[in-house]
file run29.pdb (PDB, C-alpha atoms)
ATOM      1  CA  MET A   1       0.000   0.000   0.000
ATOM      2  CA  THR A   2       1.284   3.403  -0.904
ATOM      3  CA  CYS A   3       0.444   6.618   0.755
ATOM      4  CA  GLU A   4      -0.149   9.467  -1.685
ATOM      5  CA  THR A   5       0.731  12.927  -0.623
ATOM      6  CA  PRO A   6      -1.259  15.967  -1.733
ATOM      7  CA  LYS A   7       1.676  16.924  -3.962
ATOM      8  CA  ASN A   8       1.261  13.727  -6.040
ATOM      9  CA  LYS A   9      -2.479  14.315  -6.445
ATOM     10  CA  THR A  10      -1.893  17.839  -7.702
ATOM     11  CA  GLY A  11       0.561  16.544 -10.309
ATOM     12  CA  LYS A  12      -1.926  13.958 -11.537
ATOM     13  CA  VAL A  13      -4.717  16.521 -11.814
ATOM     14  CA  LEU A  14      -2.431  18.890 -13.720
ATOM     15  CA  LEU A  15      -1.267  16.114 -16.043
ATOM     16  CA  THR A  16      -4.876  15.060 -16.715
ATOM     17  CA  ALA A  17      -5.892  18.649 -17.476
ATOM     18  CA  LEU A  18      -2.993  19.071 -19.893
ATOM     19  CA  ALA A  19      -3.806  15.775 -21.619
ATOM     20  CA  GLY A  20      -7.461  16.847 -22.004
ATOM     21  CA  ALA A  21      -6.414  20.203 -23.447
ATOM     22  CA  GLY A  22      -4.099  18.437 -25.899
ATOM     23  CA  VAL A  23      -6.830  16.076 -27.059
ATOM     24  CA  GLY A  24      -9.252  19.006 -27.430
ATOM     25  CA  ALA A  25      -6.734  20.988 -29.488
ATOM     26  CA  LEU A  26      -6.066  17.989 -31.730
ATOM     27  CA  ALA A  27      -9.804  17.415 -32.268
ATOM     28  CA  GLY A  28     -10.258  21.108 -33.111
ATOM     29  CA  ILE A  29      -7.441  21.015 -35.651
ATOM     30  CA  LEU A  30      -8.790  17.869 -37.288
ATOM     31  CA  LEU A  31     -12.392  19.068 -37.408
ATOM     32  CA  TYR A  32     -11.728  22.612 -38.519
ATOM     33  CA  SER A  33      -8.778  22.249 -40.807
ATOM     34  CA  GLN A  34      -9.079  23.702 -44.303
ATOM     35  CA  LYS A  35      -9.373  20.220 -45.776
ATOM     36  CA  SER A  36     -12.297  19.253 -43.542
ATOM     37  CA  ILE A  37     -14.050  22.560 -44.199
ATOM     38  CA  GLU A  38     -13.770  21.895 -47.941
ATOM     39  CA  ARG A  39     -15.049  18.346 -47.410
ATOM     40  CA  ARG A  40     -18.123  19.633 -45.539
ATOM     41  CA  ARG A  41     -18.736  22.244 -48.253
ATOM     42  CA  LYS A  42     -18.544  19.540 -50.915
ATOM     43  CA  PHE A  43     -21.003  17.355 -48.975
ATOM     44  CA  ARG A  44     -23.451  20.268 -48.675
ATOM     45  CA  ASN A  45     -23.308  20.762 -52.436
ATOM     46  CA  LEU A  46     -24.075  17.067 -53.027
ATOM     47  CA  ARG A  47     -27.325  17.224 -51.130
ATOM     48  CA  VAL A  48     -30.451  17.602 -53.216
ATOM     49  CA  ASP A  49     -32.133  20.958 -52.920
ATOM     50  CA  HIS A  50     -35.613  20.323 -51.481
ATOM     51  CA  ARG A  51     -36.844  23.806 -52.244
ATOM     52  CA  LEU A  52     -39.311  24.376 -55.007
ATOM     53  CA  HIS A  53     -38.091  26.676 -57.783
ATOM     54  CA  LEU A  54     -40.897  26.973 -60.303
ATOM     55  CA  ARG A  55     -39.935  28.849 -63.441
ATOM     56  CA  GLY A  56     -42.339  30.081 -66.073
ATOM     57  CA  ASP A  57     -46.095  30.346 -66.244
ATOM     58  CA  TRP A  58     -47.808  28.015 -63.764
ATOM     59  CA  ASP A  59     -50.717  27.377 -66.163
ATOM     60  CA  GLN A  60     -48.328  26.010 -68.789
ATOM     61  CA  LEU A  61     -46.549  23.857 -66.198
ATOM     62  CA  LYS A  62     -49.905  22.614 -64.934
ATOM     63  CA  THR A  63     -50.910  21.602 -68.464
ATOM     64  CA  LYS A  64     -47.653  19.669 -68.907
ATOM     65  CA  LEU A  65     -48.239  17.855 -65.625
ATOM     66  CA  GLN A  66     -51.820  16.956 -66.533
ATOM     67  CA  HIS A  67     -50.675  15.514 -69.871
ATOM     68  CA  ALA A  68     -47.925  13.508 -68.179
ATOM     69  CA  TYR A  69     -50.089  12.365 -65.245
ATOM     70  CA  THR A  70     -53.714  12.058 -66.298
ATOM     71  CA  GLN A  71     -54.911  11.243 -62.772
ATOM     72  CA  LEU A  72     -54.107  14.793 -61.588
ATOM     73  CA  THR A  73     -57.039  17.188 -61.291
ATOM     74  CA  ASN A  74     -57.085  20.992 -61.270
ATOM     75  CA  GLU A  75     -57.614  20.829 -57.515
ATOM     76  CA  ASP A  76     -54.476  18.712 -57.101
ATOM     77  CA  LEU A  77     -52.477  21.258 -59.061
ATOM     78  CA  THR A  78     -53.643  24.366 -57.229
ATOM     79  CA  TYR A  79     -50.530  26.396 -56.464
ATOM     80  CA  VAL A  80     -50.428  29.403 -54.152
ATOM     81  CA  GLU A  81     -47.212  31.453 -54.067
ATOM     82  CA  GLY A  82     -45.289  30.640 -50.893
ATOM     83  CA  LYS A  83     -47.240  27.436 -50.231
ATOM     84  CA  GLY A  84     -45.377  25.080 -52.532
ATOM     85  CA  HIS A  85     -45.103  22.515 -49.742
ATOM     86  CA  GLU A  86     -48.873  21.994 -49.943
ATOM     87  CA  LEU A  87     -48.644  21.340 -53.692
ATOM     88  CA  VAL A  88     -45.756  18.925 -53.150
ATOM     89  CA  GLY A  89     -47.733  17.106 -50.441
ATOM     90  CA  ARG A  90     -50.764  16.661 -52.702
ATOM     91  CA  LEU A  91     -48.615  15.410 -55.580
ATOM     92  CA  GLN A  92     -46.777  13.030 -53.241
ATOM     93  CA  ALA A  93     -50.055  11.476 -52.139
ATOM     94  CA  LYS A  94     -51.534  11.330 -55.628
ATOM     95  CA  LEU A  95     -48.457  10.055 -57.483
ATOM     96  CA  GLY A  96     -46.977   7.891 -54.720
ATOM     97  CA  MET A  97     -43.574   9.538 -55.041
ATOM     98  CA  ARG A  98     -41.089  10.778 -52.466
ATOM     99  CA  LYS A  99     -40.851  14.481 -51.700
ATOM    100  CA  ARG A 100     -37.398  14.649 -53.263
ATOM    101  CA  GLN A 101     -38.688  13.084 -56.489
ATOM    102  CA  VAL A 102     -41.686  15.428 -56.708
ATOM    103  CA  VAL A 103     -39.567  18.545 -56.119
ATOM    104  CA  LYS A 104     -36.987  17.374 -58.650
ATOM    105  CA  MET A 105     -39.724  16.718 -61.214
ATOM    106  CA  LEU A 106     -41.353  20.116 -60.690
ATOM    107  CA  ASN A 107     -38.060  21.987 -60.830
ATOM    108  CA  ALA A 108     -37.165  20.188 -64.080
ATOM    109  CA  LEU A 109     -40.312  21.471 -65.828
TER     110      LEU A 109
END

call {"tool": "encode", "arguments": {"input": "run29.pdb", "output": "structure tokens"}}
result
Amino acid sequence: MTCETPKNKTGKVLLTALAGAGVGALAGILLYSQKSIERRRKFRNLRVDHRLHLRGDWDQLKTKLQHAYTQLTNEDLTYVEGKGHELVGRLQAKLGMRKRQVVKMLNAL
């Protein structure tokens, strides 16, 4: 059995604190290095944009959709500016597609 003096305990606490600071600094360098920032930026660009960007006259787009999908009614294709999520939800239910697919299809028109 060894008897620890307060001096030994202080040294251990100091050593542990320094080791924790070193590990924290290393993690910070690895996570926020220029290479990892570029990697995160690249990953963000790979993600599919879920926002609806309708271009052109909605009546023309609606006509194209009705020709492509005959089961869609005028009520299904009602679009109010700023409420595109409602349109996407109706088309999802009617066409049995995922949100990502519906948004991609609408943005491609």

call {"tool": "residues_near_point", "arguments": {"input": "run29.pdb", "point": "(-45.6, 24.5, -69.3)", "cutoff": "12 Å", "atoms": "only C-alpha atoms", "output": "list of chain:residue names"}}
result
A:Leu54, A:Arg55, A:Gly56, A:Asp57, A:Trp58, A:Asp59, A:Gln60, A:Leu61, A:Lys62, A:Thr63, A:Lys64, A:Leu65, A:Gln66, A:His67, A:Ala68, A:Leu106, A:Asn107, A:Ala108, A:Leu109

call {"tool": "atom_distance", "arguments": {"input": "run29.pdb", "atom1": "atom CA of A:Arg90", "atom2": "atom CA of A:Thr78"}}
result
9.4 Å

call {"tool": "residues_around", "arguments": {"input": "run29.pdb", "residues": "A:Gln71", "least_positions_apart": "6", "cutoff": "12 Å", "atoms": "only C-alpha atoms", "output": "number ranges by chain"}}
result
A: 65, 77, 91, 93-96

call {"tool": "atom_distance", "arguments": {"input": "run29.pdb", "atom1": "atom CA of A:Val13", "atom2": "atom CA of A:Ile29"}}
result
24.4 Å

call {"tool": "atom_distance", "arguments": {"input": "run29.pdb", "atom1": "atom CA of A:Leu26", "atom2": "atom CA of A:Lys42"}}
result
22.9 Å

call {"tool": "closest_residue", "arguments": {"input": "run29.pdb", "among": "A:Met105, A:Leu30, A:Lys12, A:Arg100", "to": "A:Tyr69", "atoms": "all atoms listed in the file"}}
result
A:Met105

call {"tool": "closest_residue", "arguments": {"input": "run29.pdb", "among": "A:Arg51, A:Arg41, A:Leu18, A:Tyr32", "to": "A:Gln101", "atoms": "all atoms listed in the file"}}
result
A:Arg51

call {"tool": "closest_residue", "arguments": {"input": "run29.pdb", "among": "A:Leu72, A:Ala21, A:Val80, A:Ala27", "to": "A:Gln92", "atoms": "all atoms listed in the file"}}
result
A:Leu72

call {"tool": "closest_residue", "arguments": {"input": "run29.pdb", "among": "A:Leu52, A:Ile37, A:Ala25, A:Ala17", "to": "A:Tyr79", "atoms": "all atoms listed in the file"}}
result
A:Leu52

call {"tool": "build_atoms", "arguments": {"input": "run29.pdb", "residues": "stretch 20-49 of chain A", "atoms": "N, CA and C atoms", "output": "mmCIF file, keeping the file's coordinate frame"}}
result
data_model
loop_
_atom_site.group_PDB
_atom_site.id
_atom_site.type_symbol
_atom_site.label_atom_id
_atom_site.label_comp_id
_atom_site.auth_asym_id
_atom_site.auth_seq_id
_atom_site.Cartn_x
_atom_site.Cartn_y
_atom_site.Cartn_z
ATOM 1 N N GLY A 20 -6.145 16.496 -21.472
ATOM 2 C CA GLY A 20 -7.461 16.847 -22.004
ATOM 3 C C GLY A 20 -7.385 18.037 -22.947
ATOM 4 N N ALA A 21 -6.576 19.031 -22.586
ATOM 5 C CA ALA A 21 -6.414 20.203 -23.447
ATOM 6 C C ALA A 21 -5.751 19.808 -24.765
ATOM 7 N N GLY A 22 -4.779 18.903 -24.687
ATOM 8 C CA GLY A 22 -4.099 18.437 -25.899
ATOM 9 C C GLY A 22 -5.043 17.692 -26.830
ATOM 10 N N VAL A 23 -5.858 16.829 -26.255
ATOM 11 C CA VAL A 23 -6.830 16.076 -27.059
ATOM 12 C C VAL A 23 -7.850 17.034 -27.677
ATOM 13 N N GLY A 24 -8.301 18.029 -26.917
ATOM 14 C CA GLY A 24 -9.252 19.006 -27.430
ATOM 15 C C GLY A 24 -8.668 19.826 -28.578
ATOM 16 N N ALA A 25 -7.400 20.223 -28.433
ATOM 17 C CA ALA A 25 -6.734 20.988 -29.488
ATOM 18 C C ALA A 25 -6.589 20.148 -30.751
ATOM 19 N N LEU A 26 -6.211 18.882 -30.587
ATOM 20 C CA LEU A 26 -6.066 17.989 -31.730
ATOM 21 C C LEU A 26 -7.403 17.789 -32.445
ATOM 22 N N ALA A 27 -8.471 17.587 -31.669
ATOM 23 C CA ALA A 27 -9.804 17.415 -32.268
ATOM 24 C C ALA A 27 -10.212 18.682 -33.020
ATOM 25 N N GLY A 28 -9.928 19.848 -32.447
ATOM 26 C CA GLY A 28 -10.258 21.108 -33.111
ATOM 27 C C GLY A 28 -9.516 21.269 -34.420
ATOM 28 N N ILE A 29 -8.246 20.912 -34.425
ATOM 29 C CA ILE A 29 -7.441 21.015 -35.651
ATOM 30 C C ILE A 29 -7.972 20.074 -36.721
ATOM 31 N N LEU A 30 -8.299 18.846 -36.315
ATOM 32 C CA LEU A 30 -8.790 17.869 -37.288
ATOM 33 C C LEU A 30 -10.164 18.243 -37.841
ATOM 34 N N LEU A 31 -11.038 18.759 -36.974
ATOM 35 C CA LEU A 31 -12.392 19.068 -37.408
ATOM 36 C C LEU A 31 -12.478 20.370 -38.199
ATOM 37 N N TYR A 32 -11.615 21.303 -37.887
ATOM 38 C CA TYR A 32 -11.728 22.612 -38.519
ATOM 39 C C TYR A 32 -10.531 22.971 -39.380
ATOM 40 N N SER A 33 -9.863 21.984 -39.874
ATOM 41 C CA SER A 33 -8.778 22.249 -40.807
ATOM 42 C C SER A 33 -9.381 22.655 -42.148
ATOM 43 N N GLN A 34 -8.600 23.246 -42.995
ATOM 44 C CA GLN A 34 -9.079 23.702 -44.303
ATOM 45 C C GLN A 34 -9.619 22.535 -45.126
ATOM 46 N N LYS A 35 -8.952 21.393 -45.020
ATOM 47 C CA LYS A 35 -9.373 20.220 -45.776
ATOM 48 C C LYS A 35 -10.764 19.740 -45.335
ATOM 49 N N SER A 36 -10.994 19.731 -44.015
ATOM 50 C CA SER A 36 -12.297 19.253 -43.542
ATOM 51 C C SER A 36 -13.396 20.259 -43.848
ATOM 52 N N ILE A 37 -13.065 21.545 -43.837
ATOM 53 C CA ILE A 37 -14.050 22.560 -44.199
ATOM 54 C C ILE A 37 -14.451 22.378 -45.662
ATOM 55 N N GLU A 38 -13.478 22.134 -46.523
ATOM 56 C CA GLU A 38 -13.770 21.895 -47.941
ATOM 57 C C GLU A 38 -14.605 20.631 -48.116
ATOM 58 N N ARG A 39 -14.303 19.601 -47.331
ATOM 59 C CA ARG A 39 -15.049 18.346 -47.410
ATOM 60 C C ARG A 39 -16.512 18.570 -47.022
ATOM 61 N N ARG A 40 -16.747 19.348 -45.952
ATOM 62 C CA ARG A 40 -18.123 19.633 -45.539
ATOM 63 C C ARG A 40 -18.847 20.459 -46.601
ATOM 64 N N ARG A 41 -18.147 21.417 -47.202
ATOM 65 C CA ARG A 41 -18.736 22.244 -48.253
ATOM 66 C C ARG A 41 -19.135 21.387 -49.448
ATOM 67 N N LYS A 42 -18.269 20.441 -49.797
ATOM 68 C CA LYS A 42 -18.544 19.540 -50.915
ATOM 69 C C LYS A 42 -19.774 18.682 -50.618
ATOM 70 N N PHE A 43 -19.870 18.182 -49.380
ATOM 71 C CA PHE A 43 -21.003 17.355 -48.975
ATOM 72 C C PHE A 43 -22.296 18.157 -49.051
ATOM 73 N N ARG A 44 -22.265 19.427 -48.604
ATOM 74 C CA ARG A 44 -23.451 20.268 -48.675
ATOM 75 C C ARG A 44 -23.909 20.455 -50.118
ATOM 76 N N ASN A 45 -22.961 20.574 -51.035
ATOM 77 C CA ASN A 45 -23.308 20.762 -52.436
ATOM 78 C C ASN A 45 -23.876 19.491 -53.059
ATOM 79 N N LEU A 46 -23.562 18.327 -52.494
ATOM 80 C CA LEU A 46 -24.075 17.067 -53.027
ATOM 81 C C LEU A 46 -25.534 16.840 -52.664
ATOM 82 N N ARG A 47 -25.944 17.430 -51.564
ATOM 83 C CA ARG A 47 -27.325 17.224 -51.130
ATOM 84 C C ARG A 47 -28.296 17.795 -52.147
ATOM 85 N N VAL A 48 -29.428 17.143 -52.274
ATOM 86 C CA VAL A 48 -30.451 17.602 -53.216
ATOM 87 C C VAL A 48 -31.196 18.769 -52.586
ATOM 88 N N ASP A 49 -31.414 19.784 -53.386
ATOM 89 C CA ASP A 49 -32.133 20.958 -52.920
ATOM 90 C C ASP A 49 -33.620 20.610 -52.862
#
